[in-house]
Each structure stands twice: as C-alpha cells, then as structure tokens.
Amino acid sequence: MSRAGLRSATLALAAAALLAAACRRPAARDGGFRASPGAPVFLIVVDTLRSDRLPFYGYASGVTPALSALREDSILFESAWSPVPLTLPAHSSLFTGVLPGAHRVLDNGGYRLGTAPPTLAELLKKEGYETGGAVSCVVLSGSTGIARGFDRWEDRIEPSEPGLAANRVQRPGRETVARLEEWLAGVKGERVFAFLHLFEPHAPYEAPEPYRSRFADPYDAEVAAADAAVGVFLDGLKRRGLYEKSLVVFLSDHGEGLGDHGEEEHGVFLYREAIQVPLLVKLPSAKAGARPPLAGTRVETPVELLDVLPTVADVVGLPGFAPREGSVSLARLAAGGAAPERRLFAETFYPRIRFGWSELRSVVDGTWHYVDAPRPELYDLATDPGETKNRIEEKAGPVRAMKAEAERRRSPFVEPSAVDEEEAKKLASLGYVTMTTAGGGALPDPK
C-alpha cells in the first residue's frame, strides 16, 4: 500500500474509533482498583511511537504480538497526550509530573533537568525501592540530569561495528533490555522500579532482520522490532515471577510526522500525529493466577503523560504524596472515578531554538484541538482526526477560551546553554539540527 493510501486507511480507522468512543458513556466499575503498597513498578517507553500505528488503536497493518498481549492485561487510554514532541523534555515531564515551563527543559540540547521538583525515581527510592534505568540514545544521557534518583542508569552506547556512521550509533532495543536485566538480576527484594527506553522506531528507520524484510513500510518494521524487545523484557519479568504482581506502564514520549502536515519526523509541529501517544496501564494482580484488575478496559477521557507519576504514587501507596492540582490517577479514572474538567496543554520551542521561527502551543479538550500559532488553527478531532480542515473562522466560542488558556499556561522562554562540540555532533547525528538565533520581535509561523 502506498504511504498516501496507508494514511487514508489509518485516518478512517481513527475516525471510526473516535466516533464510537463519542457514543459511549463512562461506567462505574465494581471493585476495580485497590492500592498495592510496595508493588514492583516497570515503566516502558518506546520512543517516537504513534498510537495510530498499533493494532489495538485500530491500525490494520501493525504486527505487535507482545504489546497486544500486554494490552489484554491492561487499561488502554484512547486519548493520551504528550506535553512536548521531544525526547528529553517529554521524559522530564514524565518523571516529574509537571510541564516544561516548571522543569525548564525546553529542548534536547542546551538544557539540564535541575534538582526540583522530585522525580518518580526519587520518590520511590525514598520508600525503599531499588531504582534502575537503561536507555537507547544519547539524548537521555545521565549528564542531562534525567537520571536523578536512579541507583543505576545504563547509558553507555557504543558503535556496534567499527566505522559505523554517526547516525547509526543507537543501541538496539534488545541490547538495552539485556543491560536492564543484568541490573534486575542483582536486585534483592521486590521493591523495584525499572525504566526501559527503546529508541526504535526513531529515524533512521532501519530495522534488523527479519523485520526489515517482512514489512513494506520501514517505520512499521521498526515498531515490530521494538515490540519484540518489549516481549523479551516482559518474558523475563514472568520468569522472575514479577509480572503478575507488578504495575506495568507502557507509553511513548511523542509521535512522528511521517509526512503528515509536511513534517517527516517531529519537534516542529503540534498536530495529533506528533503528540498523541499510546498508553497502557497494567495493574498488579490481587493474587497469583488472577487476571489484572480492569484488564481490557478502554478509557476515552483525554489524559496526559503528566498523569503517570500520580498514578504510580496512588497504586503503590506512596505516603504523603501530594499530586499537583488537576492531575489524575489513571487507575481511579479507569475504575469509574470522576474525570476532572480540564484541557491538556502542549508546546514546542524547537522551531524557535533551532530555526528562529515562532514557538507553538496547543490545547486539547477532547473534541477540539487548538494550535496557538501566528496563524492559529482549530480542528474537530471527533470528525477530522487527521486535522485536515482548519475551523478557526467557524468556532469563535471554543477559540476564545482555548486561546486564553494557551496564553495563561505558556512557558517563559529560557535560552539554551552552549552545547559542546561533541554533544552537538551527537544531536546532529540523530537529525536534530544545530541551534540558531532565537530571533526578536514577531517570528515566522513554522508552517
């Protein structure tokens, strides 16, 4: 199937799913959620993964047996959103539960996560958890501050063969899994928090065999390779007797353009394909052999990556944890808890930092997606999930409210620090262009 045909089929499936969700009503569920104090916690992130390229989000051409099996044990969130389409800022928000304006990491280079607010790893470590992470790209090097609170952070990424081009120096997912399993083997108790980061399907899309030959679309091949690595990791948890009793959270940090709206990769725009992400939450089973609570549940209420930290705190019973205002426990939401009235915010300073163009902000309320740009945009996600028709001139009411919210929540711009030559080379090898002037006065629309 051609890329254009593939996109058309995907959008049709997405539209059908959204319309079906709109016809449903959230129902209370009996006894669906109970806290599991001290439960093991496993957080799995597949970088750059679009939700609409997974079978359980309606993609007919996807082949992901490991993730599809995890989905059967999990709560699926149909509408989950990232606050920023870049790896380091998105992970900083995931680990701290706050927007980039609060943790002040606005880009993959030139920023460092500071000492506040506390990270998920720090909160768990304080309660006696052993904490370990393994990552697959240099963007998440421990030198960025992202490893704060981890006992072990495995980020040693070397060329797999002599003379390999710089943009091929990414650790294959299975190698990262092996490094994390080595650490897990030395953990004594079950109070463990492990973070696994896989870089497939980030560009360049060069999946190993046999996946490369099985798929006409190289992005789909990379997704399949990532799925296989996740499967190896989950099988290891099952062999250790940890899977059933654990909280497992699977997600992506952001999506990928794949040519939609003119962007091949990510960072510049805030359209759905860049910031809507997959999100699965598998709760700990009450007893051995029991199906996980709320397994198979679907939740259509829009949620965000910032909800992951309060969810973990709620499920494992972190004492004294005070969630930020407006945050949601995903477990309680799936169990029939009331959903707060809120809009989800995202922004990107990548166009300003890298090209001297205007930064962008966006607000999602479940039906409408407003993009705050020099030429603003408004899309009806229920009827136009591909965001092909700008309704900005037709819907004055939603626009006024969402524009005001985007302005209220915008982050102050923080100039990036100088990046040394070696870091600049590494970022460039991954497709992130070097920094340019931030400009002054009115900046051009990235469109």
# chains A, B, ... in the order shown; residues from 1 in each chain; ligands from 1

$ residues_around --residues "A:Lys395" --least-positions-apart "4" --cutoff "12 Å" --atoms "only C-alpha atoms" --output "PyMOL selection string"
chain A and resi 368-370+377-380+390-391+399-402

$ residues_around --residues "A:Glu122" --least-positions-apart "3" --cutoff "10 Å" --atoms "only C-alpha atoms" --output "PyMOL selection string"
chain A and resi 95-96+117-119+125-127+129+131+147-151

$ residues_around --residues "A:Arg34" --least-positions-apart "3" --cutoff "12 Å" --atoms "only C-alpha atoms" --output "list in words"
Asp30, Gly31, Pro37, Ala39, Leu283, Pro284, Ser285, Ala286, Pro292, Pro293, Leu294, Asp314, Val315, Val316, Gly317, Ala331, Arg332, Ala334 and Ala335 of chain A

$ write_last_selection --atoms "N, CA and C atoms" --output "mmCIF file, in the first residue's frame"
data_model
loop_
_atom_site.group_PDB
_atom_site.id
_atom_site.type_symbol
_atom_site.label_atom_id
_atom_site.label_comp_id
_atom_site.auth_asym_id
_atom_site.auth_seq_id
_atom_site.Cartn_x
_atom_site.Cartn_y
_atom_site.Cartn_z
ATOM 1 N N ASP A 30 -17.119 -2.093 39.439
ATOM 2 C CA ASP A 30 -17.143 -2.537 40.821
ATOM 3 C C ASP A 30 -15.785 -3.090 41.238
ATOM 4 N N GLY A 31 -15.257 -2.567 42.318
ATOM 5 C CA GLY A 31 -14.046 -3.134 42.908
ATOM 6 C C GLY A 31 -12.878 -3.176 41.962
ATOM 7 N N PRO A 37 0.472 -1.527 47.993
ATOM 8 C CA PRO A 37 1.669 -0.912 48.577
ATOM 9 C C PRO A 37 2.925 -1.749 48.338
ATOM 10 N N ALA A 39 4.327 -2.517 45.520
ATOM 11 C CA ALA A 39 4.357 -3.329 44.298
ATOM 12 C C ALA A 39 5.528 -2.925 43.405
ATOM 13 N N LEU A 283 -2.377 -3.088 36.041
ATOM 14 C CA LEU A 283 -2.361 -3.019 37.497
ATOM 15 C C LEU A 283 -1.884 -4.346 38.100
ATOM 16 N N PRO A 284 -1.356 -4.305 39.313
ATOM 17 C CA PRO A 284 -0.933 -5.553 39.971
ATOM 18 C C PRO A 284 -2.118 -6.477 40.226
ATOM 19 N N SER A 285 -1.919 -7.760 39.998
ATOM 20 C CA SER A 285 -2.958 -8.752 40.283
ATOM 21 C C SER A 285 -3.079 -8.958 41.788
ATOM 22 N N ALA A 286 -4.309 -9.202 42.239
ATOM 23 C CA ALA A 286 -4.550 -9.385 43.669
ATOM 24 C C ALA A 286 -3.936 -10.685 44.183
ATOM 25 N N PRO A 292 -5.406 -9.297 35.901
ATOM 26 C CA PRO A 292 -5.203 -7.980 36.499
ATOM 27 C C PRO A 292 -6.499 -7.187 36.583
ATOM 28 N N PRO A 293 -6.668 -6.386 37.634
ATOM 29 C CA PRO A 293 -7.861 -5.545 37.726
ATOM 30 C C PRO A 293 -8.015 -4.659 36.498
ATOM 31 N N LEU A 294 -9.234 -4.518 36.044
ATOM 32 C CA LEU A 294 -9.584 -3.637 34.927
ATOM 33 C C LEU A 294 -8.923 -4.026 33.607
ATOM 34 N N ASP A 314 -0.286 6.582 43.515
ATOM 35 C CA ASP A 314 -1.563 6.098 44.014
ATOM 36 C C ASP A 314 -1.578 4.577 44.114
ATOM 37 N N VAL A 315 -1.110 3.911 43.069
ATOM 38 C CA VAL A 315 -1.183 2.450 43.026
ATOM 39 C C VAL A 315 -0.285 1.818 44.089
ATOM 40 N N VAL A 316 0.946 2.327 44.246
ATOM 41 C CA VAL A 316 1.869 1.696 45.196
ATOM 42 C C VAL A 316 1.787 2.336 46.582
ATOM 43 N N GLY A 317 0.915 3.332 46.740
ATOM 44 C CA GLY A 317 0.663 3.902 48.051
ATOM 45 C C GLY A 317 1.800 4.704 48.626
ATOM 46 N N ALA A 331 -5.572 4.941 37.289
ATOM 47 C CA ALA A 331 -6.230 3.738 37.809
ATOM 48 C C ALA A 331 -7.625 4.075 38.326
ATOM 49 N N ARG A 332 -7.731 5.142 39.098
ATOM 50 C CA ARG A 332 -9.037 5.518 39.640
ATOM 51 C C ARG A 332 -9.980 5.995 38.533
ATOM 52 N N ALA A 334 -10.018 4.874 35.461
ATOM 53 C CA ALA A 334 -10.494 3.671 34.780
ATOM 54 C C ALA A 334 -11.500 2.912 35.626
ATOM 55 N N ALA A 335 -11.394 3.028 36.951
ATOM 56 C CA ALA A 335 -12.311 2.327 37.851
ATOM 57 C C ALA A 335 -13.633 3.044 38.019
#

$ atom_distance --atom1 "atom CA of A:Phe42" --atom2 "atom CA of A:Thr301"
23.7 Å

$ residues_around --residues "A:Phe413" --least-positions-apart "4" --cutoff "10 Å" --atoms "only C-alpha atoms" --output "PyMOL selection string"
chain A and resi 101+104+106+349+352-353+359+438

$ write_last_selection --atoms "C-alpha atoms" --output "compact mmCIF listing (two decimals), in the first residue's frame"
# COMPACT_ATOMS: atom_id res chain seq x y z
CA GLY A 101 7.72 25.55 31.99
CA ARG A 104 12.64 24.28 32.43
CA LEU A 106 12.69 23.02 26.58
CA PHE A 349 10.19 25.73 21.43
CA ARG A 352 12.37 28.93 17.84
CA ILE A 353 15.58 27.41 19.18
CA GLU A 359 7.25 28.60 19.18
CA ALA A 438 16.00 32.75 18.71

$ residues_around --residues "A:Arg240" --least-positions-apart "5" --cutoff "12 Å" --atoms "only C-alpha atoms" --output "ChimeraX atom specification"
/A:40,181,184-185,187-190,233-235,245-246

$ decode --residues "stretch 244-273 of chain A" --atoms "N, CA and C atoms" --output "mmCIF file, in the first residue's frame"
data_model
loop_
_atom_site.group_PDB
_atom_site.id
_atom_site.type_symbol
_atom_site.label_atom_id
_atom_site.label_comp_id
_atom_site.auth_asym_id
_atom_site.auth_seq_id
_atom_site.Cartn_x
_atom_site.Cartn_y
_atom_site.Cartn_z
ATOM 1 N N GLU A 244 2.958 -10.605 37.250
ATOM 2 C CA GLU A 244 1.586 -10.539 37.768
ATOM 3 C C GLU A 244 1.450 -9.523 38.889
ATOM 4 N N LYS A 245 2.419 -9.445 39.785
ATOM 5 C CA LYS A 245 2.308 -8.599 40.976
ATOM 6 C C LYS A 245 2.734 -7.156 40.726
ATOM 7 N N SER A 246 3.110 -6.830 39.470
ATOM 8 C CA SER A 246 3.698 -5.524 39.172
ATOM 9 C C SER A 246 2.715 -4.560 38.525
ATOM 10 N N LEU A 247 3.014 -3.278 38.713
ATOM 11 C CA LEU A 247 2.414 -2.208 37.923
ATOM 12 C C LEU A 247 3.302 -2.011 36.704
ATOM 13 N N VAL A 248 2.734 -2.190 35.520
ATOM 14 C CA VAL A 248 3.478 -2.005 34.266
ATOM 15 C C VAL A 248 2.808 -0.882 33.485
ATOM 16 N N VAL A 249 3.577 0.129 33.151
ATOM 17 C CA VAL A 249 3.071 1.262 32.373
ATOM 18 C C VAL A 249 3.849 1.313 31.066
ATOM 19 N N PHE A 250 3.129 1.298 29.955
ATOM 20 C CA PHE A 250 3.747 1.380 28.628
ATOM 21 C C PHE A 250 3.242 2.626 27.923
ATOM 22 N N LEU A 251 4.156 3.340 27.267
ATOM 23 C CA LEU A 251 3.770 4.561 26.554
ATOM 24 C C LEU A 251 4.859 4.963 25.573
ATOM 25 N N SER A 252 4.589 6.040 24.852
ATOM 26 C CA SER A 252 5.621 6.702 24.057
ATOM 27 C C SER A 252 5.753 8.133 24.537
ATOM 28 N N ASP A 253 6.926 8.717 24.296
ATOM 29 C CA ASP A 253 7.154 10.106 24.707
ATOM 30 C C ASP A 253 6.523 11.093 23.735
ATOM 31 N N HIS A 254 6.406 10.712 22.473
ATOM 32 C CA HIS A 254 5.792 11.545 21.430
ATOM 33 C C HIS A 254 5.625 10.701 20.186
ATOM 34 N N GLY A 255 4.999 11.264 19.165
ATOM 35 C CA GLY A 255 4.773 10.539 17.927
ATOM 36 C C GLY A 255 5.779 10.895 16.844
ATOM 37 N N GLU A 256 5.324 10.800 15.589
ATOM 38 C CA GLU A 256 6.189 11.040 14.433
ATOM 39 C C GLU A 256 5.337 11.563 13.281
ATOM 40 N N GLY A 257 5.867 12.528 12.531
ATOM 41 C CA GLY A 257 5.109 13.143 11.459
ATOM 42 C C GLY A 257 4.807 12.226 10.296
ATOM 43 N N LEU A 258 5.817 11.481 9.836
ATOM 44 C CA LEU A 258 5.669 10.578 8.694
ATOM 45 C C LEU A 258 5.067 11.278 7.475
ATOM 46 N N GLY A 259 5.400 12.549 7.317
ATOM 47 C CA GLY A 259 4.940 13.303 6.157
ATOM 48 C C GLY A 259 3.624 14.005 6.338
ATOM 49 N N ASP A 260 2.874 13.683 7.380
ATOM 50 C CA ASP A 260 1.610 14.375 7.627
ATOM 51 C C ASP A 260 1.897 15.837 7.965
ATOM 52 N N HIS A 261 1.122 16.734 7.396
ATOM 53 C CA HIS A 261 1.288 18.178 7.598
ATOM 54 C C HIS A 261 2.695 18.656 7.234
ATOM 55 N N GLY A 262 3.372 17.900 6.377
ATOM 56 C CA GLY A 262 4.661 18.344 5.860
ATOM 57 C C GLY A 262 5.849 18.056 6.745
ATOM 58 N N GLU A 263 5.658 17.393 7.884
ATOM 59 C CA GLU A 263 6.791 17.092 8.771
ATOM 60 C C GLU A 263 7.091 15.599 8.726
ATOM 61 N N GLU A 264 8.319 15.268 8.361
ATOM 62 C CA GLU A 264 8.701 13.867 8.285
ATOM 63 C C GLU A 264 8.925 13.261 9.666
ATOM 64 N N GLU A 265 9.559 14.036 10.566
ATOM 65 C CA GLU A 265 9.893 13.485 11.877
ATOM 66 C C GLU A 265 9.097 14.211 12.971
ATOM 67 N N HIS A 266 9.716 14.962 13.852
ATOM 68 C CA HIS A 266 8.973 15.544 14.975
ATOM 69 C C HIS A 266 9.750 16.722 15.561
ATOM 70 N N GLY A 267 9.054 17.516 16.354
ATOM 71 C CA GLY A 267 9.684 18.624 17.058
ATOM 72 C C GLY A 267 9.125 19.975 16.677
ATOM 73 N N VAL A 268 8.804 20.173 15.380
ATOM 74 C CA VAL A 268 8.354 21.476 14.906
ATOM 75 C C VAL A 268 6.876 21.690 15.207
ATOM 76 N N PHE A 269 6.018 20.736 14.828
ATOM 77 C CA PHE A 269 4.575 20.932 14.889
ATOM 78 C C PHE A 269 3.940 20.237 16.091
ATOM 79 N N LEU A 270 2.696 20.604 16.365
ATOM 80 C CA LEU A 270 1.932 20.042 17.480
ATOM 81 C C LEU A 270 0.643 19.382 17.001
ATOM 82 N N TYR A 271 0.658 18.821 15.808
ATOM 83 C CA TYR A 271 -0.511 18.105 15.328
ATOM 84 C C TYR A 271 -0.641 16.764 16.058
ATOM 85 N N ARG A 272 -1.810 16.164 15.907
ATOM 86 C CA ARG A 272 -2.120 14.937 16.630
ATOM 87 C C ARG A 272 -1.062 13.857 16.455
ATOM 88 N N GLU A 273 -0.558 13.693 15.228
ATOM 89 C CA GLU A 273 0.401 12.619 14.990
ATOM 90 C C GLU A 273 1.692 12.782 15.786
#
